[in-house]
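Asks: Quick one: the structure is below, questions incoming.
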Amino acid sequence: MPRLSFWSKDGNGSGSAQGREMGRRMRKENSDFKTAFVSEAGSFLKNRDFYGCVELEDWACYVMADGLDTDTEVNSAQITVQTILESFLEKPTMSKRRLTEYIKIAHEWLQYESRRVRLKAGFVIVVTDYTRMVWASAGHSRLYHFRGNRLALKSKDHSVAAQLAAEGQIAEDRVDQHDERGNLNEYAGKPGMIRPYVSDKIKLADGDVLVLCTPGLWEGVQDAEMIDAVEGANDPQTLADTLEEVMLSKQRARIENYSAAAIYVNKIFHEEPKNRKKWIKRIAIMLAMLLIFGGAGIFYAVKSAAKKAELAVDMLQYEQTADQYVKEQEYAKAVSDYSLARNNSIKIKDPIHKKLLTAKMAAAQTLVDGEAHLKEGDITKATASYTKALELSEPYSMFDREVIQERLEQMTTFQQVQDWITEGDLKLQNGDYSGAIILYKRARTAATETAYKDALKEIATKLEAAETKRADIKRQSRQLQADTLEQKGDRFNEAGDYSGAMDAYASAQEIYQEIDMLERVLAMERKINKLDEKLNPPVPAADLTQDAAGLGSVDSSGLTSDLTGNVGGLNGGNSADNSSSAGNVTSAGSGAVDDSGTSSSGKTNNTSNNSTSKANGSTETTEAEANEQESAEGGDS
């Protein structure tokens, strides 16, 4: 719940005499003011009401404000309350003129801070010396003053509804529910000058109750209900809670921000009766002192002049520091010091410096805004800020206008970069990944040349995403090609076209290797190996001994003629082989002779081998041998 509170034991400033200090403390210590408040957001996420108070030994100030704008970053009610209390702390007073000045300072601050939207706030102020009070308001936050359980005072709103009531066009009791109750003609932050209402001094009494509240509360609590709440409450917290309960009991569909602060004046400070003769004597002494020392007015004037001189020196120092910050392009720091200098110009009532410092501060602020918009990626607003800065900085030499002009020219390139990024995003969404990559690379080149660092990070992310998607699409396409080739090889294989199948499998394997599908690469290798076995079957080494042995089953007449032909074809150089074969027959002990009595070494050798095979009990024949045997039998037949 927003609240700003200060309690001070320092009095209202200096005071050298101990008696005066004790007298000053007597006001707060010899009075009894109790306060409490409630403040909630209602149906909204953020509470834009703000309440603050300052209680010093001689004075107290209570301020309630409600924000009338929709700015999400700046609380206009808080600015209003803090500015008024800061001015009051610097010089506590019940002077109507000074209170009006404090309100104007808050009003001007809201006007200055209205860069995104116009900041607006309504408020009500109560200032008291613990004996009397002065109140001021602008807008439709209200003050209710109760005395003896009756409503002694209700502040007037600065609204069209209140104006209609004042002109007699509507009844007073209809103001709270009239459609124009929120249509205000006075509030802090409005265009032009503010004309707040500041009351005369009002005497307080023991037992008085003051209620400061925003429209969110008084719209739901009628005057009679508020009087009943005051009658039933014995302390400020109970009263504040009761008012909240009454308002919430109406069960409205939409509850505005609402706030209420209750001040119980249990006991005021009672001043001692004045001794007429004593005061006459004091006045006489003072007049004598005026004659002797040239008057207290001169002393006050000298003191005031010294204070103004001090403020003026500080103002010029702040201005010089801010000018240096501008030269160093530290624009945010420059804005801060220009603001401090401007505050001093207001305090010493120097309109010339106030206008000058306001103009410099505005020029520096546009440059700060330009950088802020650029970081947010809003090139249009950044361009507008730099254009305005170029215009506002023209009269002042401390601004490097060439730098501003270069920055403005950069905005053109930055905008082109953003346009390319946007166009690339559209192509990426539509599946044109190659087109998106071209645009992102074009934007990256331009951003690199102009040191557009914020855009470079964004481009790198988008470019990586586009290249990844394109690579995925390409990989899927290549995989589809490889799958098609593999299926083609399978068809060729089934049709007996082993050569065509081999080519298709090899092409598919190459693509699988390219896209790192190792499992498919190995699968193609297995298929290719099987085809290679079909195209190039293994051929066993020729063994004549086994061939001859295999012919043992042929009839003797056919074998004789075959062997005779073979023997006749041998040259004399085979004699050694024949003798060796004969030796084999001898060693085997199983020589054989055909019917004609002709002996053949080759036959003998084969017969020996055959006999040996049978002796070993071997009955198996290889596929090649079976084929050869079938071929031989076919020849015999």
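Following the order of the structure tokens, first chain is A, next is B, and so on, with residues numbered from 1 inside each chain and ligands from 1 in the order they appear.
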Which neighbours of stretch 500-517 of chain A fall inside 7 Å, counting only C-alpha atoms, when residues of the same chain fewer than 5 positions from it are skipped, and could you give them as a list in words?
Replies: Arg475, Arg478, Gln479, Ala482, Leu485, Glu486, Lys488, Gly489, Asp490, Phe492, Asn493, Met524, Ile528 and Leu531 of chain A
Asks: Go ahead and dump the residues you just picked, C-alpha atoms, as a compact mmCIF listing (two decimals), in the first residue's frame.
Replies:
```txt
# COMPACT_ATOMS: atom_id res chain seq x y z
CA ARG A 475 19.04 -34.22 -45.81
CA ARG A 478 18.89 -36.83 -50.22
CA GLN A 479 17.61 -39.65 -48.02
CA ALA A 482 18.92 -42.92 -51.61
CA LEU A 485 17.86 -46.02 -55.50
CA GLU A 486 17.87 -48.84 -52.94
CA LYS A 488 15.38 -49.75 -57.59
CA GLY A 489 18.34 -52.05 -56.82
CA ASP A 490 15.98 -54.47 -55.06
CA PHE A 492 16.80 -55.28 -60.45
CA ASN A 493 18.03 -57.99 -58.09
CA MET A 524 24.19 -51.48 -48.82
CA ILE A 528 26.63 -55.46 -52.74
CA LEU A 531 25.59 -59.60 -55.63
```
Asks: What lies within 8 Å of A:Thr128 using only C-alpha atoms, ignoring chain neighbours under 3 positions off, as a PyMOL selection string?
Replies: chain A and resi 59-61+94+131-134
Asks: With stretch 27-32 of chain A as the partner and 12 Å as the cut-off, tabulate the residues of stretch 155-252 of chain A that qualify, each row holding the nearest pair of atoms and their distance in Å to one decimal, using only C-alpha atoms, sorted by chain and rising number, as JSON lines.
Replies:
```
{"residue": "A:Leu204", "atom": "CA", "partner": "A:Ser31", "partner_atom": "CA", "distance": 11.5}
{"residue": "A:Ala205", "atom": "CA", "partner": "A:Ser31", "partner_atom": "CA", "distance": 11.0}
{"residue": "A:Asp206", "atom": "CA", "partner": "A:Asp32", "partner_atom": "CA", "distance": 9.0}
{"residue": "A:Gly207", "atom": "CA", "partner": "A:Asp32", "partner_atom": "CA", "distance": 9.9}
{"residue": "A:Asp208", "atom": "CA", "partner": "A:Asp32", "partner_atom": "CA", "distance": 11.1}
```
Asks: Determine which residues of stretch 33-132 of chain A DSSP labels as strand (DSSP E) from the backbone of this structure, then write them out as a JSON list (two decimals) with N, CA and C atoms, in the first residue's frame.
Replies:
```json
[["chain", "number", "residue", "atom", "x", "y", "z"],
["A", 33, "PHE", "N", -2.18, 13.99, 17.93],
["A", 33, "PHE", "CA", -2.71, 13.73, 16.59],
["A", 33, "PHE", "C", -2.39, 12.26, 16.25],
["A", 34, "LYS", "N", -3.41, 11.46, 15.95],
["A", 34, "LYS", "CA", -3.24, 10.07, 15.59],
["A", 34, "LYS", "C", -3.71, 9.86, 14.15],
["A", 35, "THR", "N", -2.93, 9.07, 13.40],
["A", 35, "THR", "CA", -3.28, 8.85, 11.98],
["A", 35, "THR", "C", -3.25, 7.35, 11.64],
["A", 36, "ALA", "N", -4.04, 6.99, 10.64],
["A", 36, "ALA", "CA", -4.02, 5.64, 10.06],
["A", 36, "ALA", "C", -4.60, 5.74, 8.66],
["A", 37, "PHE", "N", -4.31, 4.76, 7.86],
["A", 37, "PHE", "CA", -4.82, 4.83, 6.48],
["A", 37, "PHE", "C", -5.02, 3.43, 5.92],
["A", 38, "VAL", "N", -5.77, 3.37, 4.81],
["A", 38, "VAL", "CA", -5.95, 2.15, 4.05],
["A", 38, "VAL", "C", -5.88, 2.53, 2.57],
["A", 39, "SER", "N", -5.24, 1.67, 1.76],
["A", 39, "SER", "CA", -5.09, 1.96, 0.33],
["A", 39, "SER", "C", -4.96, 0.64, -0.42],
["A", 40, "GLU", "N", -5.85, 0.39, -1.38],
["A", 40, "GLU", "CA", -5.84, -0.86, -2.13],
["A", 40, "GLU", "C", -6.06, -0.60, -3.62],
["A", 49, "ASP", "N", -2.97, 5.18, -6.39],
["A", 49, "ASP", "CA", -3.13, 6.15, -5.31],
["A", 49, "ASP", "C", -1.83, 6.23, -4.52],
["A", 50, "PHE", "N", -1.64, 7.36, -3.81],
["A", 50, "PHE", "CA", -0.44, 7.48, -2.97],
["A", 50, "PHE", "C", -0.74, 8.43, -1.82],
["A", 51, "TYR", "N", -0.28, 8.01, -0.64],
["A", 51, "TYR", "CA", -0.49, 8.81, 0.58],
["A", 51, "TYR", "C", 0.86, 9.05, 1.26],
["A", 52, "GLY", "N", 1.06, 10.26, 1.75],
["A", 52, "GLY", "CA", 2.29, 10.58, 2.47],
["A", 52, "GLY", "C", 2.04, 11.64, 3.52],
["A", 53, "CYS", "N", 2.87, 11.62, 4.55],
["A", 53, "CYS", "CA", 2.72, 12.63, 5.61],
["A", 53, "CYS", "C", 4.07, 12.95, 6.22],
["A", 54, "VAL", "N", 4.18, 14.17, 6.75],
["A", 54, "VAL", "CA", 5.36, 14.65, 7.46],
["A", 54, "VAL", "C", 4.88, 15.24, 8.78],
["A", 55, "GLU", "N", 5.41, 14.77, 9.88],
["A", 55, "GLU", "CA", 5.04, 15.29, 11.19],
["A", 55, "GLU", "C", 6.29, 15.83, 11.87],
["A", 60, "ALA", "N", 2.81, 19.83, 10.62],
["A", 60, "ALA", "CA", 2.53, 18.52, 10.04],
["A", 60, "ALA", "C", 1.85, 18.73, 8.69],
["A", 61, "CYS", "N", 2.16, 17.87, 7.76],
["A", 61, "CYS", "CA", 1.58, 17.97, 6.41],
["A", 61, "CYS", "C", 1.13, 16.58, 5.97],
["A", 62, "TYR", "N", -0.12, 16.47, 5.50],
["A", 62, "TYR", "CA", -0.70, 15.21, 5.04],
["A", 62, "TYR", "C", -1.16, 15.40, 3.59],
["A", 63, "VAL", "N", -0.74, 14.49, 2.72],
["A", 63, "VAL", "CA", -1.08, 14.62, 1.29],
["A", 63, "VAL", "C", -1.64, 13.29, 0.77],
["A", 64, "MET", "N", -2.79, 13.35, 0.14],
["A", 64, "MET", "CA", -3.41, 12.20, -0.52],
["A", 64, "MET", "C", -3.58, 12.53, -2.00],
["A", 65, "ALA", "N", -3.14, 11.62, -2.90],
["A", 65, "ALA", "CA", -3.23, 11.88, -4.34],
["A", 65, "ALA", "C", -3.69, 10.61, -5.06],
["A", 66, "ASP", "N", -4.37, 10.83, -6.17],
["A", 66, "ASP", "CA", -4.77, 9.70, -7.02],
["A", 66, "ASP", "C", -4.32, 9.95, -8.45],
["A", 67, "GLY", "N", -3.66, 8.94, -9.06],
["A", 67, "GLY", "CA", -3.20, 9.07, -10.43],
["A", 67, "GLY", "C", -4.36, 9.00, -11.41],
["A", 121, "ALA", "N", -2.62, 13.96, -11.95],
["A", 121, "ALA", "CA", -2.94, 13.51, -10.59],
["A", 121, "ALA", "C", -3.82, 14.55, -9.91],
["A", 122, "GLY", "N", -4.81, 14.06, -9.17],
["A", 122, "GLY", "CA", -5.59, 14.92, -8.29],
["A", 122, "GLY", "C", -5.07, 14.74, -6.87],
["A", 123, "PHE", "N", -5.26, 15.74, -6.02],
["A", 123, "PHE", "CA", -4.69, 15.64, -4.67],
["A", 123, "PHE", "C", -5.47, 16.52, -3.70],
["A", 124, "VAL", "N", -5.27, 16.24, -2.40],
["A", 124, "VAL", "CA", -5.77, 17.08, -1.33],
["A", 124, "VAL", "C", -4.67, 17.14, -0.26],
["A", 125, "ILE", "N", -4.46, 18.33, 0.29],
["A", 125, "ILE", "CA", -3.38, 18.58, 1.25],
["A", 125, "ILE", "C", -3.97, 19.18, 2.53],
["A", 126, "VAL", "N", -3.47, 18.75, 3.67],
["A", 126, "VAL", "CA", -3.79, 19.37, 4.95],
["A", 126, "VAL", "C", -2.48, 19.72, 5.65],
["A", 127, "VAL", "N", -2.32, 20.98, 6.02],
["A", 127, "VAL", "CA", -1.15, 21.45, 6.78],
["A", 127, "VAL", "C", -1.65, 22.01, 8.10],
["A", 128, "THR", "N", -0.99, 21.63, 9.19],
["A", 128, "THR", "CA", -1.43, 22.10, 10.51],
["A", 128, "THR", "C", -0.23, 22.44, 11.38],
["A", 132, "ARG", "N", -4.21, 25.00, 14.24],
["A", 132, "ARG", "CA", -5.04, 25.38, 13.10],
["A", 132, "ARG", "C", -4.65, 24.51, 11.91]]
```
Asks: May I ask which of the residues A:Leu408, A:Gly377, A:Met226, A:Lys201 is the closest one to A:Lys453, counting only C-alpha atoms?
Replies: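 Among A:Leu408, A:Gly377, A:Met226, A:Lys201, it is A:Gly377 that comes nearest to A:Lys453.
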Asks: With a distance cut-off of 9 Å and only C-alpha atoms, select the neighbouring residues of stretch 82-85 of chain A, excluding the residue or stretch itself and same-chain residues fewer than 2 positions from it, and output the selection as a JSON list (two decimals) with N, CA and C atoms, in the first residue's frame.
Replies:
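Just written: part22.json:
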```
[["chain", "number", "residue", "atom", "x", "y", "z"],
["A", 4, "LEU", "N", 4.17, 7.38, 2.11],
["A", 4, "LEU", "CA", 5.44, 8.01, 2.40],
["A", 4, "LEU", "C", 5.28, 8.77, 3.70],
["A", 52, "GLY", "N", 1.06, 10.26, 1.75],
["A", 52, "GLY", "CA", 2.29, 10.58, 2.47],
["A", 52, "GLY", "C", 2.04, 11.64, 3.52],
["A", 53, "CYS", "N", 2.87, 11.62, 4.55],
["A", 53, "CYS", "CA", 2.72, 12.63, 5.61],
["A", 53, "CYS", "C", 4.07, 12.95, 6.22],
["A", 54, "VAL", "N", 4.18, 14.17, 6.75],
["A", 54, "VAL", "CA", 5.36, 14.65, 7.46],
["A", 54, "VAL", "C", 4.88, 15.24, 8.78],
["A", 61, "CYS", "N", 2.16, 17.87, 7.76],
["A", 61, "CYS", "CA", 1.58, 17.97, 6.41],
["A", 61, "CYS", "C", 1.13, 16.58, 5.97],
["A", 62, "TYR", "N", -0.12, 16.47, 5.50],
["A", 62, "TYR", "CA", -0.70, 15.21, 5.04],
["A", 62, "TYR", "C", -1.16, 15.40, 3.59],
["A", 63, "VAL", "N", -0.74, 14.49, 2.72],
["A", 63, "VAL", "CA", -1.08, 14.62, 1.29],
["A", 63, "VAL", "C", -1.64, 13.29, 0.77],
["A", 77, "ALA", "N", 0.85, 10.00, -8.98],
["A", 77, "ALA", "CA", 0.44, 10.34, -7.62],
["A", 77, "ALA", "C", 1.64, 10.37, -6.68],
["A", 78, "GLN", "N", 2.53, 9.42, -6.84],
["A", 78, "GLN", "CA", 3.72, 9.38, -5.99],
["A", 78, "GLN", "C", 4.61, 10.60, -6.23],
["A", 79, "ILE", "N", 4.81, 10.96, -7.50],
["A", 79, "ILE", "CA", 5.61, 12.15, -7.81],
["A", 79, "ILE", "C", 5.01, 13.38, -7.17],
["A", 80, "THR", "N", 3.69, 13.53, -7.25],
["A", 80, "THR", "CA", 3.01, 14.69, -6.68],
["A", 80, "THR", "C", 3.21, 14.76, -5.17],
["A", 87, "SER", "N", 9.23, 19.94, -0.79],
["A", 87, "SER", "CA", 9.18, 21.40, -0.70],
["A", 87, "SER", "C", 8.78, 21.84, 0.70],
["A", 88, "PHE", "N", 7.83, 21.14, 1.28],
["A", 88, "PHE", "CA", 7.38, 21.49, 2.64],
["A", 88, "PHE", "C", 8.50, 21.25, 3.66],
["A", 89, "LEU", "N", 9.23, 20.17, 3.53],
["A", 89, "LEU", "CA", 10.32, 19.88, 4.46],
["A", 89, "LEU", "C", 11.40, 20.95, 4.39],
["A", 90, "GLU", "N", 11.65, 21.46, 3.20],
["A", 90, "GLU", "CA", 12.67, 22.49, 3.07],
["A", 90, "GLU", "C", 12.26, 23.77, 3.79],
["A", 99, "LEU", "N", 2.33, 27.51, -0.22],
["A", 99, "LEU", "CA", 1.70, 26.24, -0.55],
["A", 99, "LEU", "C", 1.34, 26.19, -2.04],
["A", 102, "TYR", "N", 4.47, 25.38, -3.88],
["A", 102, "TYR", "CA", 4.83, 23.96, -3.78],
["A", 102, "TYR", "C", 3.99, 23.12, -4.74],
["A", 103, "ILE", "N", 2.72, 23.46, -4.85],
["A", 103, "ILE", "CA", 1.83, 22.74, -5.77],
["A", 103, "ILE", "C", 2.26, 22.97, -7.22],
["A", 105, "ILE", "N", 5.27, 23.55, -8.30],
["A", 105, "ILE", "CA", 6.48, 22.78, -8.57],
["A", 105, "ILE", "C", 6.12, 21.34, -8.91],
["A", 106, "ALA", "N", 5.21, 20.74, -8.13],
["A", 106, "ALA", "CA", 4.77, 19.37, -8.43],
["A", 106, "ALA", "C", 4.09, 19.31, -9.80],
["A", 109, "TRP", "N", 6.68, 19.37, -12.51],
["A", 109, "TRP", "CA", 7.39, 18.10, -12.60],
["A", 109, "TRP", "C", 6.59, 17.09, -13.40]]
```
Asks: Compile the contact shell of A:Ser393 as an MDAnalysis selection string: residues with an atom at most 12 Å away, counting only C-alpha atoms, same-chain residues fewer than 2 positions apart removed.
Replies: chainID A and resid 323 326 356 359:367 385:391 395:405
Asks: Of the candidates A:Asp173, A:Glu271, A:Asp314, A:Glu467, which shows the shortest atom-to-atom distance to A:Ala224, using only C-alpha atoms?
Replies: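 Among the listed residues, the smallest separation from A:Ala224 belongs to A:Asp173.
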Asks: With DSSP run on the backbone, what are the alpha helix (DSSP H) residues within stretch 21-235 of chain A? I'd like them as a ChimeraX atom specification.
Replies: /A:21-29,76-90,96-113,160-166,215-218,223-232
Asks: Find the residue from A:Gln251, A:Gln169, A:Asn536, A:Gln177 that sits nearest to A:Glu219; use only C-alpha atoms when measuring.
Replies: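 The answer is A:Gln177, which sits nearest to A:Glu219.
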Asks: Enter the distance from atom CA of A:Ala253 to atom CA of A:Trp218, in Å, rounded to one decimal.
Replies: 16.3 Å
Asks: Select, from A:Lys474, A:Lys469, A:Arg407, A:Lys96, the residue with the minimum atom-to-atom distance to A:Tyr452, counting only C-alpha atoms.
Replies: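 The answer is A:Arg407, which sits nearest to A:Tyr452.
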